[in-house]
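What follows is the content of work-v1.cif, which has mmCIF, C-alpha atoms and all ligand atoms:
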```cif
data_entry
loop_
_atom_site.label_atom_id
_atom_site.label_comp_id
_atom_site.auth_asym_id
_atom_site.auth_seq_id
_atom_site.Cartn_x
_atom_site.Cartn_y
_atom_site.Cartn_z
CA MET A 1 10.23 47.54 14.30
CA LYS A 2 8.79 47.94 17.79
CA LEU A 3 8.98 51.52 18.99
CA ILE A 4 7.87 53.66 21.92
CA PHE A 5 7.29 57.41 21.50
CA ILE A 6 7.55 59.33 24.76
CA GLY A 7 7.04 63.02 25.40
CA PRO A 8 5.02 65.45 27.45
CA GLN A 9 1.42 66.20 26.53
CA ALA A 10 1.11 67.97 23.13
CA SER A 11 4.72 67.23 22.18
CA GLY A 12 3.44 65.76 18.90
CA LYS A 13 3.74 62.05 19.77
CA GLY A 14 0.34 61.28 18.26
CA THR A 15 0.87 63.36 15.12
CA GLN A 16 4.33 61.88 14.53
CA GLY A 17 3.18 58.40 15.52
CA LYS A 18 0.58 58.43 12.74
CA ILE A 19 2.97 59.87 10.12
CA ILE A 20 5.91 57.56 10.89
CA ALA A 21 3.67 54.50 11.20
CA SER A 22 2.19 55.10 7.76
CA LYS A 23 5.64 55.75 6.21
CA LEU A 24 7.15 52.58 7.71
CA GLY A 25 4.12 50.28 7.48
CA LEU A 26 3.79 49.99 11.25
CA CYS A 27 0.65 50.26 13.33
CA HIS A 28 0.15 53.30 15.54
CA ILE A 29 -1.20 52.41 18.97
CA SER A 30 -2.41 55.41 20.96
CA ALA A 31 -3.25 54.56 24.57
CA GLY A 32 -5.31 57.75 24.90
CA ASP A 33 -7.38 56.98 21.78
CA LEU A 34 -8.01 53.40 22.94
CA LEU A 35 -9.27 54.71 26.27
CA ARG A 36 -11.37 57.52 24.76
CA ASN A 37 -12.96 55.07 22.30
CA SER A 38 -13.94 52.55 24.99
CA LYS A 39 -17.62 51.69 25.37
CA GLY A 40 -20.27 50.91 27.99
CA LYS A 41 -19.59 50.43 31.71
CA LEU A 42 -15.81 50.46 31.22
CA LYS A 43 -16.07 53.87 29.54
CA GLU A 44 -17.79 55.32 32.63
CA LYS A 45 -14.93 54.09 34.82
CA ILE A 46 -12.24 55.32 32.41
CA ASP A 47 -13.87 58.75 31.99
CA TYR A 48 -13.58 59.34 35.71
CA TYR A 49 -9.76 59.22 35.42
CA LEU A 50 -9.53 60.96 32.01
CA THR A 51 -11.46 64.02 33.13
CA LYS A 52 -9.22 64.49 36.16
CA GLY A 53 -6.04 63.96 34.11
CA LYS A 54 -5.08 60.94 36.25
CA LEU A 55 -3.69 57.64 34.99
CA VAL A 56 -6.25 54.85 34.59
CA PRO A 57 -5.47 51.61 36.52
CA PRO A 58 -2.57 49.91 34.66
CA ILE A 59 -4.35 46.60 34.07
CA ILE A 60 -7.16 48.30 32.09
CA ILE A 61 -4.81 49.97 29.62
CA PHE A 62 -2.37 47.04 29.51
CA ASN A 63 -5.07 44.61 28.37
CA MET A 64 -6.09 47.00 25.58
CA ILE A 65 -2.48 47.47 24.44
CA LYS A 66 -1.71 43.74 24.56
CA GLU A 67 -4.72 42.92 22.42
CA LYS A 68 -3.58 45.47 19.80
CA ILE A 69 0.07 44.36 19.81
CA GLU A 70 -1.01 40.76 19.24
CA SER A 71 -3.50 41.61 16.47
CA SER A 72 -2.68 40.83 12.81
CA GLU A 73 -2.88 44.56 12.06
CA CYS A 74 0.34 45.04 14.08
CA LYS A 75 2.25 42.00 12.81
CA ASN A 76 4.89 44.18 11.06
CA GLY A 77 5.60 46.16 14.20
CA PHE A 78 4.13 49.16 16.01
CA ILE A 79 4.61 52.56 17.55
CA LEU A 80 3.36 52.83 21.11
CA ASP A 81 2.13 56.35 21.93
CA GLY A 82 1.13 57.04 25.53
CA PHE A 83 2.11 53.60 26.83
CA PRO A 84 4.06 52.80 28.95
CA ARG A 85 3.68 55.82 31.19
CA SER A 86 5.16 54.44 34.43
CA MET A 87 7.75 51.87 35.46
CA ASP A 88 5.10 49.29 36.42
CA GLN A 89 3.69 49.59 32.88
CA VAL A 90 7.22 49.03 31.48
CA GLU A 91 7.44 45.78 33.46
CA MET A 92 4.07 44.62 32.13
CA LEU A 93 5.08 45.43 28.56
CA GLU A 94 8.45 43.72 28.77
CA LYS A 95 6.75 40.46 29.71
CA VAL A 96 5.05 40.35 26.31
CA VAL A 97 7.40 42.13 23.87
CA LYS A 98 10.96 43.37 23.33
CA ILE A 99 11.20 47.05 22.36
CA ASP A 100 13.76 48.10 19.70
CA LYS A 101 13.91 51.85 20.23
CA VAL A 102 12.51 54.64 22.36
CA ILE A 103 12.08 58.10 20.82
CA GLU A 104 11.61 61.06 23.14
CA ILE A 105 9.90 64.07 21.60
CA TYR A 106 10.82 66.94 23.87
CA ILE A 107 9.06 70.26 24.48
CA PRO A 108 9.17 72.42 27.64
CA ASP A 109 6.07 72.70 29.84
CA ASN A 110 5.23 76.30 28.85
CA ILE A 111 4.99 75.25 25.19
CA ALA A 112 2.96 72.14 26.12
CA ILE A 113 0.42 74.32 27.96
CA LYS A 114 0.18 76.78 25.04
CA ARG A 115 -0.41 73.93 22.58
CA LEU A 116 -2.95 72.13 24.77
CA VAL A 117 -5.22 75.12 25.22
CA SER A 118 -5.37 75.66 21.45
CA ARG A 119 -5.72 71.98 20.49
CA LEU A 120 -8.64 70.56 18.51
CA ASN A 121 -9.39 66.86 17.97
CA CYS A 122 -11.54 65.11 15.39
CA GLU A 123 -14.31 63.07 17.01
CA LYS A 124 -14.38 60.69 14.02
CA CYS A 125 -10.75 59.90 13.04
CA ASN A 126 -8.86 61.26 16.12
CA ALA A 127 -6.76 63.65 13.97
CA VAL A 128 -5.24 66.52 15.94
CA PHE A 129 -5.17 70.20 14.91
CA ASN A 130 -4.03 73.37 16.61
CA THR A 131 -5.75 76.71 16.09
CA ILE A 132 -2.35 78.50 16.08
CA THR A 133 0.30 76.16 14.65
CA ASN A 134 -1.72 73.71 12.55
CA PRO A 135 -5.23 75.12 11.98
CA PRO A 136 -7.89 73.16 10.08
CA LYS A 137 -8.81 74.62 6.66
CA LYS A 138 -12.46 74.99 7.72
CA GLN A 139 -13.35 76.02 11.25
CA GLU A 140 -14.43 73.05 13.44
CA ILE A 141 -14.20 70.58 10.50
CA CYS A 142 -11.51 67.90 10.12
CA ASP A 143 -9.38 68.32 6.94
CA ILE A 144 -8.90 64.57 6.72
CA CYS A 145 -12.34 63.01 7.17
CA GLY A 146 -14.79 65.94 7.45
CA GLY A 147 -15.63 64.97 11.05
CA LYS A 148 -16.51 67.51 13.73
CA LEU A 149 -13.62 68.95 15.77
CA TYR A 150 -13.90 69.23 19.56
CA ARG A 151 -11.80 70.24 22.56
CA ARG A 152 -10.84 67.36 24.83
CA LYS A 153 -12.37 67.46 28.30
CA ASP A 154 -8.93 66.93 29.87
CA ASP A 155 -7.50 69.97 28.06
CA THR A 156 -8.52 72.16 30.99
CA GLU A 157 -6.02 74.10 33.09
CA LEU A 158 -6.46 71.84 36.13
CA ALA A 159 -6.18 68.54 34.23
CA ILE A 160 -3.23 69.84 32.15
CA LYS A 161 -1.28 70.67 35.32
CA GLU A 162 -2.01 67.21 36.75
CA ARG A 163 -1.01 65.46 33.50
CA LEU A 164 2.31 67.32 33.25
CA LYS A 165 3.00 66.58 36.94
CA ILE A 166 2.47 62.86 36.32
CA TYR A 167 4.66 63.04 33.21
CA HIS A 168 7.62 64.47 35.15
CA ARG A 169 7.06 62.27 38.21
CA GLU A 170 6.40 58.91 36.55
CA THR A 171 6.85 58.84 32.78
CA GLU A 172 10.24 60.56 32.43
CA ASP A 173 11.89 57.78 34.47
CA ILE A 174 11.28 55.43 31.56
CA LEU A 175 13.82 57.39 29.50
CA HIS A 176 16.62 56.29 31.84
CA LYS A 177 15.58 52.68 31.58
CA PHE A 178 15.90 52.56 27.76
CA ASP A 179 18.60 53.97 25.52
CA SER A 180 16.32 56.73 24.21
CA ILE A 181 16.86 59.29 21.46
CA ARG A 182 15.78 62.91 22.04
CA ILE A 183 14.12 64.81 19.21
CA ASN A 184 13.36 68.56 19.36
CA GLY A 185 9.55 68.74 19.27
CA GLN A 186 9.48 72.53 18.85
CA GLN A 187 10.35 72.34 15.16
CA LYS A 188 7.91 72.21 12.22
CA ILE A 189 5.99 68.91 11.93
CA GLU A 190 7.91 67.96 8.73
CA LYS A 191 11.29 68.60 10.39
CA VAL A 192 10.40 66.50 13.44
CA THR A 193 9.38 63.66 11.09
CA GLU A 194 12.67 64.01 9.18
CA ASP A 195 14.72 63.90 12.41
CA ILE A 196 12.89 60.79 13.64
CA LEU A 197 13.31 58.96 10.33
CA LYS A 198 17.02 59.84 10.30
CA GLU A 199 17.47 58.41 13.79
CA LEU A 200 15.57 55.25 12.91
CA LYS A 201 17.74 54.63 9.85
CA GLU A 202 20.90 54.71 11.96
P1 LIG A 301 -3.26 61.11 26.03
O1 LIG A 301 -4.26 61.09 24.93
O2 LIG A 301 -2.04 60.29 25.72
O3 LIG A 301 -2.92 62.51 26.46
O4 LIG A 301 -3.94 60.40 27.30
C1 LIG A 301 -5.12 60.94 27.87
C2 LIG A 301 -5.42 60.34 29.21
O5 LIG A 301 -5.63 58.93 29.08
C3 LIG A 301 -4.33 60.45 30.28
O6 LIG A 301 -4.34 61.71 30.91
C4 LIG A 301 -4.72 59.31 31.22
O7 LIG A 301 -5.86 59.65 31.98
C5 LIG A 301 -5.16 58.23 30.23
N1 LIG A 301 -4.03 57.39 29.81
C6 LIG A 301 -3.43 57.39 28.59
N2 LIG A 301 -2.43 56.50 28.55
C7 LIG A 301 -2.37 55.93 29.77
C8 LIG A 301 -1.54 54.95 30.37
N3 LIG A 301 -0.53 54.38 29.71
N4 LIG A 301 -1.79 54.58 31.65
C9 LIG A 301 -2.80 55.13 32.33
N5 LIG A 301 -3.61 56.09 31.85
C10 LIG A 301 -3.41 56.49 30.58
#
```
What do you get writing this file as C-alpha cells?
Ligand code: AMP
Amino acid sequence: MKLIFIGPQASGKGTQGKIIASKLGLCHISAGDLLRNSKGKLKEKIDYYLTKGKLVPPIIIFNMIKEKIESSECKNGFILDGFPRSMDQVEMLEKVVKIDKVIEIYIPDNIAIKRLVSRLNCEKCNAVFNTITNPPKKQEICDICGGKLYRRKDDTELAIKERLKIYHRETEDILHKFDSIRINGQQKIEKVTEDILKELKE
C-alpha cells in the first residue's frame, strides 16, 4: 500500500504515520524528520528554511524521498508524511510512483497552534509528545527510548503562522487532486487510528 497522510501542522500525521505503518508493515517516511536529520553543508542550507517555517527547495526533499521509497526497507509500501506539500511536488512524485490513497487528518488552526506550542520531540527517536494531551511519563525524557525531549525551533509563533499559511495556500490543493478521505484529528489518538484503519480496509 502506498499512502499519503496530509494535514495541518500538529494534526497527528507523524504520530498516526508511525502507528499505522507498524500495524500494516509499511515504512513511515517523514519529510520533516529526513530534513532535520540531514548532515553537513546541506544541513546548514536546510536549517535556514526550517527555522523560518518556509518550504525547502523541492529538489532537495524530493531526492531524499525518492531514495527512501526505492530502498528495500520500503518494498512493502509506505506512508508519506509531509510530502508532497505542493502541486509541483505531486508532479515529481507521480513520475516515480502511483499513490493508492490519500488520508487527510483534519484539525482547525486554533487547535494546531495550541498543540504546537505545547509539543515536545525526542532528539533520539523523533517521537512526539504534548505536555497537555500526551505528556511524557518523566519530564523531558522520551517514554520510548529514554532520549532527551526538546522543543522544535520552528515551533515559534512566527514560524507556526508561516507554516499554516503555506499549508492553506499550497498543500490543501493536493486534496482536490486525489480522492482523499477526511479523518477527524481532534479525537483521541486511538480513535484516530481506528478511523484510519477502518477507511483503509474499505
Ligand atoms: P514538518 O516536520 O512536517 O512540520 O516539517 C518541518 C519543516 O520541514 C517545514 O516547515 C519545511 O520547512 C520543511 N519541509 C518538510 N516537508 C517539506 C516538503 N515536502 N517540502 C519542502 N519543505 C518541507
Non-local contacts of Ile189 in chain A (9 Å; all atoms listed in the file; under 3 positions in same chain excluded) as a list of chain:residue names: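 The filter keeps A:Gly12, A:Thr15, A:Gln16, A:Gly185, A:Gln186, A:Val192, A:Thr193, A:Glu194.
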I'd like a table as a Markdown table: residues in chain A with an atom no more than 6 Å from ligand LIG 301 (chain A), each row giving the shortest atom pair and its distance in Å to one decimal, only C-alpha atoms and all ligand atoms counted, sorted by chain and rising residue number.
```
| residue | atom | partner | partner_atom | distance |
| --- | --- | --- | --- | --- |
| A:Gln9 | CA | A:LIG301 | O3 | 5.7 |
| A:Ala31 | CA | A:LIG301 | N2 | 4.5 |
| A:Gly32 | CA | A:LIG301 | O1 | 3.5 |
| A:Tyr49 | CA | A:LIG301 | O7 | 5.2 |
| A:Leu50 | CA | A:LIG301 | O7 | 3.9 |
| A:Gly53 | CA | A:LIG301 | O6 | 4.3 |
| A:Lys54 | CA | A:LIG301 | O7 | 4.5 |
| A:Leu55 | CA | A:LIG301 | N5 | 3.5 |
| A:Val56 | CA | A:LIG301 | N5 | 4.0 |
| A:Pro58 | CA | A:LIG301 | N4 | 5.6 |
| A:Ile61 | CA | A:LIG301 | N4 | 5.9 |
| A:Gly82 | CA | A:LIG301 | O2 | 4.5 |
| A:Phe83 | CA | A:LIG301 | N3 | 4.0 |
| A:Pro84 | CA | A:LIG301 | N3 | 4.9 |
| A:Arg85 | CA | A:LIG301 | N3 | 4.7 |
| A:Arg163 | CA | A:LIG301 | O6 | 5.6 |
```
Point-to-point distance in Å for CA of Phe78 in chain A and CA of Asp195 in chain A: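 Value for the CA of Asp195 in chain A-CA of Phe78 in chain A distance: 18.5 Å.
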Within 12 Å of Ile59 in chain A using all atoms listed in the file, minus same-chain residues under 3 positions, as a PyMOL selection string: chain A and resi 46+55-56+62-66+83-84+88-89+91-93
Shell around Glu170 in chain A at 10 Å using only C-alpha atoms, local window under 2 positions removed, as a list in words: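 Result of the neighbour search: Arg85, Ser86, Met87, Asp88, Leu164, Lys165, Ile166, Tyr167, His168, Glu172, Asp173 and Ile174 of chain A.
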Write out, as CSV, each residue of range 6-118 of chain A that has an atom at most 12 Å from range 137-161 of chain A, together with the closest pair of atoms and their distance in Å to one decimal, counting all atoms listed in the file, rows going by chain and rising number.
```
residue,atom,partner,partner_atom,distance
A:Pro8,CA,A:Ile160,CA,10.5
A:Gln9,CA,A:Ile160,CA,8.2
A:Ala10,CA,A:Asp155,CA,10.1
A:Gly32,CA,A:Asp154,CA,11.0
A:Asp33,CA,A:Arg152,CA,11.4
A:Arg36,CA,A:Arg152,CA,9.9
A:Asp47,CA,A:Lys153,CA,9.6
A:Tyr48,CA,A:Asp154,CA,10.6
A:Tyr49,CA,A:Asp154,CA,9.5
A:Leu50,CA,A:Asp154,CA,6.4
A:Thr51,CA,A:Asp154,CA,5.0
A:Lys52,CA,A:Ala159,CA,5.4
A:Gly53,CA,A:Ala159,CA,4.6
A:Lys54,CA,A:Ala159,CA,7.9
A:Leu55,CA,A:Ala159,CA,11.2
A:Asp109,CA,A:Lys161,CA,9.4
A:Asn110,CA,A:Lys161,CA,10.8
A:Ala112,CA,A:Ile160,CA,8.9
A:Ile113,CA,A:Ile160,CA,7.1
A:Lys114,CA,A:Ile160,CA,10.5
A:Arg115,CA,A:Asp155,CA,9.8
A:Leu116,CA,A:Asp155,CA,6.0
A:Val117,CA,A:Asp155,CA,6.3
A:Ser118,CA,A:Arg151,CA,8.5
```
One-decimal distance in Å that lies between CA of Phe178 in chain A and CA of Val90 in chain A: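 Result for CA of Val90 in chain A versus CA of Phe178 in chain A: 10.1 Å, one decimal.
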Local residues around (-10.8, 58.6, 20.4), at most 8 Å away, using all atoms listed in the file, as number ranges by chain: A: 32-37, 123-126
Once you have the residues from the selection above, write them out as an mmCIF file, keeping the file's coordinate frame, restricted to C-alpha atoms.
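Saved to selection-v2.cif:
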```
data_model
loop_
_atom_site.group_PDB
_atom_site.id
_atom_site.type_symbol
_atom_site.label_atom_id
_atom_site.label_comp_id
_atom_site.auth_asym_id
_atom_site.auth_seq_id
_atom_site.Cartn_x
_atom_site.Cartn_y
_atom_site.Cartn_z
ATOM 1 C CA GLY A 32 -5.310 57.750 24.900
ATOM 2 C CA ASP A 33 -7.380 56.980 21.780
ATOM 3 C CA LEU A 34 -8.010 53.400 22.940
ATOM 4 C CA LEU A 35 -9.270 54.710 26.270
ATOM 5 C CA ARG A 36 -11.370 57.520 24.760
ATOM 6 C CA ASN A 37 -12.960 55.070 22.300
ATOM 7 C CA GLU A 123 -14.310 63.070 17.010
ATOM 8 C CA LYS A 124 -14.380 60.690 14.020
ATOM 9 C CA CYS A 125 -10.750 59.900 13.040
ATOM 10 C CA ASN A 126 -8.860 61.260 16.120
#
```
Pick from A:Ile60, A:Ile79, A:Ile19, A:Leu42, whichever lies nearest to Phe5 in chain A using all atoms listed in the file: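 Among the listed residues, A:Ile79 lies closest to Phe5 in chain A.
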Could you write out as AutoDock Vina command-line options the box around range 155-161 of chain A (axis-aligned, all atoms listed in the file, 6 Å on each side), with centre and edge lengths in Å to one decimal?
```
--center_x -4.9 --center_y 71.3 --center_z 32.1 --size_x 19.2 --size_y 17.6 --size_z 20.1
```
Separation of CA of Gln187 in chain A from CA of Ser30 in chain A, in Å and rounded to one decimal: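 Interatomic distance here is 22.0 Å.
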Pick from A:Ala21, A:Asp179, A:Leu26, A:Gly14 nearest to Ser72 in chain A, counting only C-alpha atoms: A:Leu26
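With all atoms listed in the file as the atoms that count, the residue of A:Glu104, A:Pro135, A:Val97, A:Ile111 with the shortest distance to Lys13 in chain A is A:Glu104.
Restricting the calculation to only C-alpha atoms, the smallest distance between Ile20 in chain A and any of A:Leu175, A:Ile103, A:Ile69, A:Ile132 is found for A:Ile103.
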Spatial neighbours of Gly7 in chain A, 6 Å, all atoms listed in the file, chain gap at least 3 places, as a PyMOL selection string: chain A and resi 11+104-106
Top pick for closest residue to Lys18 in chain A, considering A:Lys45, A:Glu190, A:Ala127, A:Leu120 and counting all atoms listed in the file: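 Comparing A:Lys45, A:Glu190, A:Ala127, A:Leu120 against Lys18 in chain A, the winner is A:Ala127.
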